[in-house]
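For reference, the structure is listed below as structure tokens.
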Amino acid sequence: MAAAHHVCGGLILSETHTDAMIYSYRVKHVIHMTRTKFQDAWIVELEGYGKALFLDKKIQSALLDEYMFHEPMVQPGMFTHPNPQRVLVAGGGEGATLREVLRHNTVQEAVMVDIDEELVRTCEQWLPEWHQGAFQDPRTTLIFDDARRVIPQYRNHFDVIVSDLTDPLEAGPSQYLFTREFYQMIYDALTDEGVLTVQSGAGDPLYPHLYGCVARTLQEVFPIVRPYWCFVASFMLPWGFILASKKYDPLAIPREELARRIEQRGVQGLRYYDPETHYGMFSIPPYLREVISKARVLTDEQPFLWEA
């Protein structure tokens with residue numbers, strides 16, 4: 001939960017990371033607040049970080065550093081695949097994940113599935129700096145439905161799938177989108193050369209449990225699983241991602257080949273991802289490797305539950 005309270009000098013938004021830790025953000029002003037069918041959506045102007053989106057009172061991204069999340073979310077998987085033409089984005093309501101996919105001139109079809117149409121329309125209106133017109137791109141198809149209903153309709157279809165879903169909170173819309181059964185649906189929807197990237201929660205030593213469980217679960221489904229991470233300034237945390245692949249290992253691609261792919265696909269203006277950071281992000285420290293080795297497999301019968 002997060003609380004908003006007034007102090008001398010303005011409004012403070014405080015987000016509880018765990019019972020042990022609260023992060024506070026100074027709010028210049030509130031831009032837009034709504035309650036969708038699924039979640040609270042707040043768009044505010046923060047001191048320092050600029051415009052920001054909070055869902056269920058947890059920060060999702062801020063204008064200052066949204067690229068620090070969205071480029072790592074998308075680009076390692078997209079560039080690991082030699083020719084991504086058909087891509088699916090699950091979640092990603094702001095449209096920035098879709099924006100990153102559409103940077104690649106190889107992409108012919110980009111399907112974005114989000115259960116919350118009101119949130120996407122809110123972001124379309126209030127967060128143009130994020131989507132930058134991606135919703136109107138002729139390659140884009142928007143589907144407003146549960147990803148578990150949509151993805152099984154595709155078999156051997158997508159080259160890359162990007163799972164940018166909110167954390168699996170109990171009673172939230174994403175609890176069963178981090179299980180072995182869901183990842184098997186994704187596996188079946190990918191081509192034989194398919195690549196998946198998953199936002200997988202915090203990578204800090206205080207609460208890395210979701211990260212470990214997602215990595216361990218994906219190891220049950222995909223032959224190649226590469227955890228990676230980066231620091232996201234507005235989260236005040238290192239953040240975890242997983243790349244899972246049927247054929248291509250992101251660590252086996254020569255640096256020169258990555259540079260060639262970036263140039264050939266016309267991807268310009270990247271501020272976080274390049275051939276140097278590609279390899280660096282996969283160098284996770286021993287404590288995270290230990291967390292993964294001890295984590296449990298998530299299933300529909302036993303999904304992830306946040307612990308107190």
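Ordering of the structure tokens sets the chain letters (A, B, ...); residue numbers start at 1 within each chain; ligands are numbered from 1 in the order shown.
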7 Å contact set for Pro223 of chain A, only C-alpha atoms, chain neighbours under 3 positions out, as a VMD selection string: chain A and resid 219 245 to 246
Spatial neighbours of Gln268 of chain A, 12 Å, only C-alpha atoms, chain gap at least 3 places, as JSON, numbers by chain: {"A": [71, 100, 102, 103, 104, 105, 259, 261, 262, 263, 264, 265, 271, 272, 273, 274]}
Those of segment 36-162 of chain A in DSSP strand (DSSP E), formatted as a ChimeraX atom specification: /A:40-46,50-55,58-62,86-91,109-113,140-143,158-162
Dump C-alpha atoms for the selected residues as an mmCIF file, in the first residue's frame?
```
data_model
loop_
_atom_site.group_PDB
_atom_site.id
_atom_site.type_symbol
_atom_site.label_atom_id
_atom_site.label_comp_id
_atom_site.auth_asym_id
_atom_site.auth_seq_id
_atom_site.Cartn_x
_atom_site.Cartn_y
_atom_site.Cartn_z
ATOM 1 C CA ASP A 40 -6.233 2.281 -9.066
ATOM 2 C CA ALA A 41 -4.323 4.395 -11.578
ATOM 3 C CA TRP A 42 -2.682 7.621 -10.486
ATOM 4 C CA ILE A 43 -0.721 9.914 -12.782
ATOM 5 C CA VAL A 44 1.251 12.510 -10.846
ATOM 6 C CA GLU A 45 4.123 14.929 -11.333
ATOM 7 C CA LEU A 46 6.995 14.002 -9.019
ATOM 8 C CA GLY A 50 8.747 14.154 -13.528
ATOM 9 C CA LYS A 51 5.464 12.614 -14.638
ATOM 10 C CA ALA A 52 4.876 9.152 -13.153
ATOM 11 C CA LEU A 53 2.328 6.340 -13.157
ATOM 12 C CA PHE A 54 1.289 4.528 -9.978
ATOM 13 C CA LEU A 55 -0.888 1.403 -10.123
ATOM 14 C CA LYS A 58 2.978 1.271 -6.513
ATOM 15 C CA ILE A 59 5.171 3.205 -8.924
ATOM 16 C CA GLN A 60 5.297 1.717 -12.438
ATOM 17 C CA SER A 61 7.490 4.192 -14.276
ATOM 18 C CA ALA A 62 8.627 7.813 -14.238
ATOM 19 C CA ARG A 86 5.751 -11.170 -35.062
ATOM 20 C CA VAL A 87 5.805 -10.002 -31.450
ATOM 21 C CA LEU A 88 3.309 -10.159 -28.590
ATOM 22 C CA VAL A 89 3.368 -7.833 -25.582
ATOM 23 C CA ALA A 90 1.449 -8.998 -22.506
ATOM 24 C CA GLY A 91 0.597 -6.072 -20.238
ATOM 25 C CA GLU A 109 2.960 -7.515 -36.469
ATOM 26 C CA ALA A 110 2.837 -6.358 -32.838
ATOM 27 C CA VAL A 111 -0.034 -7.673 -30.715
ATOM 28 C CA MET A 112 -0.507 -6.053 -27.301
ATOM 29 C CA VAL A 113 -2.794 -7.841 -24.839
ATOM 30 C CA THR A 140 -0.161 -2.710 -33.798
ATOM 31 C CA THR A 141 -3.171 -4.777 -32.775
ATOM 32 C CA LEU A 142 -4.640 -4.041 -29.330
ATOM 33 C CA ILE A 143 -6.578 -6.792 -27.567
ATOM 34 C CA PHE A 158 5.270 -15.348 -32.372
ATOM 35 C CA ASP A 159 9.010 -14.820 -32.696
ATOM 36 C CA VAL A 160 9.224 -12.858 -29.435
ATOM 37 C CA ILE A 161 6.848 -12.493 -26.482
ATOM 38 C CA VAL A 162 7.400 -9.776 -23.870
#
```
DSSP-assigned helix (DSSP H, G or I) members of segment 209-308 of chain A, reported as number ranges by chain: A: 209-218, 233-235, 255-264, 275-281, 286-294
Computed interatomic separation between atom CA of Asp65 of chain A and atom CA of Ile12 of chain A (Å):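 Distance between the two atoms: 19.7 Å.
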Among the residues A:Leu206, A:Phe222, A:Gly269, A:Pro76, the one that comes closest to Met21 of chain A [using only C-alpha atoms]: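 Under the stated criterion, the closest residue is A:Leu206.
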For Gln199 of chain A, the nearest of the candidates A:His70, A:Arg35, A:His81, A:Lys28, counting only C-alpha atoms: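 For Gln199 of chain A, the nearest of the candidates is A:His70.
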Selection: 10 Å around Ser293 of chain A, only C-alpha atoms, excl. self and same-chain fewer than 6 positions, as a PyMOL selection string: chain A and resi 212-213+215-216+287
Shell of 9 Å around Arg26 of chain A, only C-alpha atoms, local chain residues under 5 positions omitted, as a PyMOL selection string: chain A and resi 9-14+45-48
Restricting the output to N, CA and C atoms, write the selected residues as a short mmCIF file (atom, residue, chain, number, x, y, z; two decimals), in the first residue's frame.
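For reference, result-v3.cif as written:
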```
data_model
loop_
_atom_site.label_atom_id
_atom_site.label_comp_id
_atom_site.auth_asym_id
_atom_site.auth_seq_id
_atom_site.Cartn_x
_atom_site.Cartn_y
_atom_site.Cartn_z
N GLY A 9 5.81 21.84 2.57
CA GLY A 9 6.45 21.87 1.26
C GLY A 9 5.75 21.03 0.23
N GLY A 10 4.62 20.36 0.59
CA GLY A 10 3.88 19.66 -0.45
C GLY A 10 3.39 18.29 -0.05
N LEU A 11 2.96 17.54 -1.06
CA LEU A 11 2.37 16.22 -0.88
C LEU A 11 3.45 15.15 -1.02
N ILE A 12 3.41 14.15 -0.14
CA ILE A 12 4.34 13.03 -0.17
C ILE A 12 3.56 11.75 -0.43
N LEU A 13 4.03 10.96 -1.42
CA LEU A 13 3.49 9.63 -1.68
C LEU A 13 4.45 8.62 -1.08
N SER A 14 3.98 7.79 -0.17
CA SER A 14 4.83 6.78 0.44
C SER A 14 4.36 5.40 0.03
N GLU A 45 2.84 14.30 -11.01
CA GLU A 45 4.12 14.93 -11.33
C GLU A 45 4.98 14.87 -10.08
N LEU A 46 6.10 14.13 -10.15
CA LEU A 46 6.99 14.00 -9.02
C LEU A 46 8.12 15.03 -9.10
N GLU A 47 8.59 15.45 -7.96
CA GLU A 47 9.81 16.25 -7.92
C GLU A 47 10.97 15.41 -8.45
N GLY A 48 11.74 15.95 -9.35
CA GLY A 48 12.92 15.25 -9.83
C GLY A 48 12.62 14.25 -10.92
#
```
Nearby residues (only C-alpha atoms) at most 8 Å from Pro227 of chain A, same-chain spacing under 3 positions excluded, as a ChimeraX atom specification: /A:215,240-243,282,284
Nearest to Asp19 of chain A, chosen from A:Thr179, A:Gln184, A:Tyr207, A:Trp229, with only C-alpha atoms counted in the distances: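 Closest residue, counting only C-alpha atoms: A:Tyr207.
If only C-alpha atoms are the atoms counted, then among A:Glu94, A:Asp137, A:Glu181, A:Asp249 the closest residue to Leu165 of chain A is A:Glu94.
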Distance query Gln302 of chain A at most 12 Å, only C-alpha atoms, self and fewer than 2 positions along chain excluded, as a PyMOL selection string: chain A and resi 170+175-176+178-181+213+217+296-300+304-305
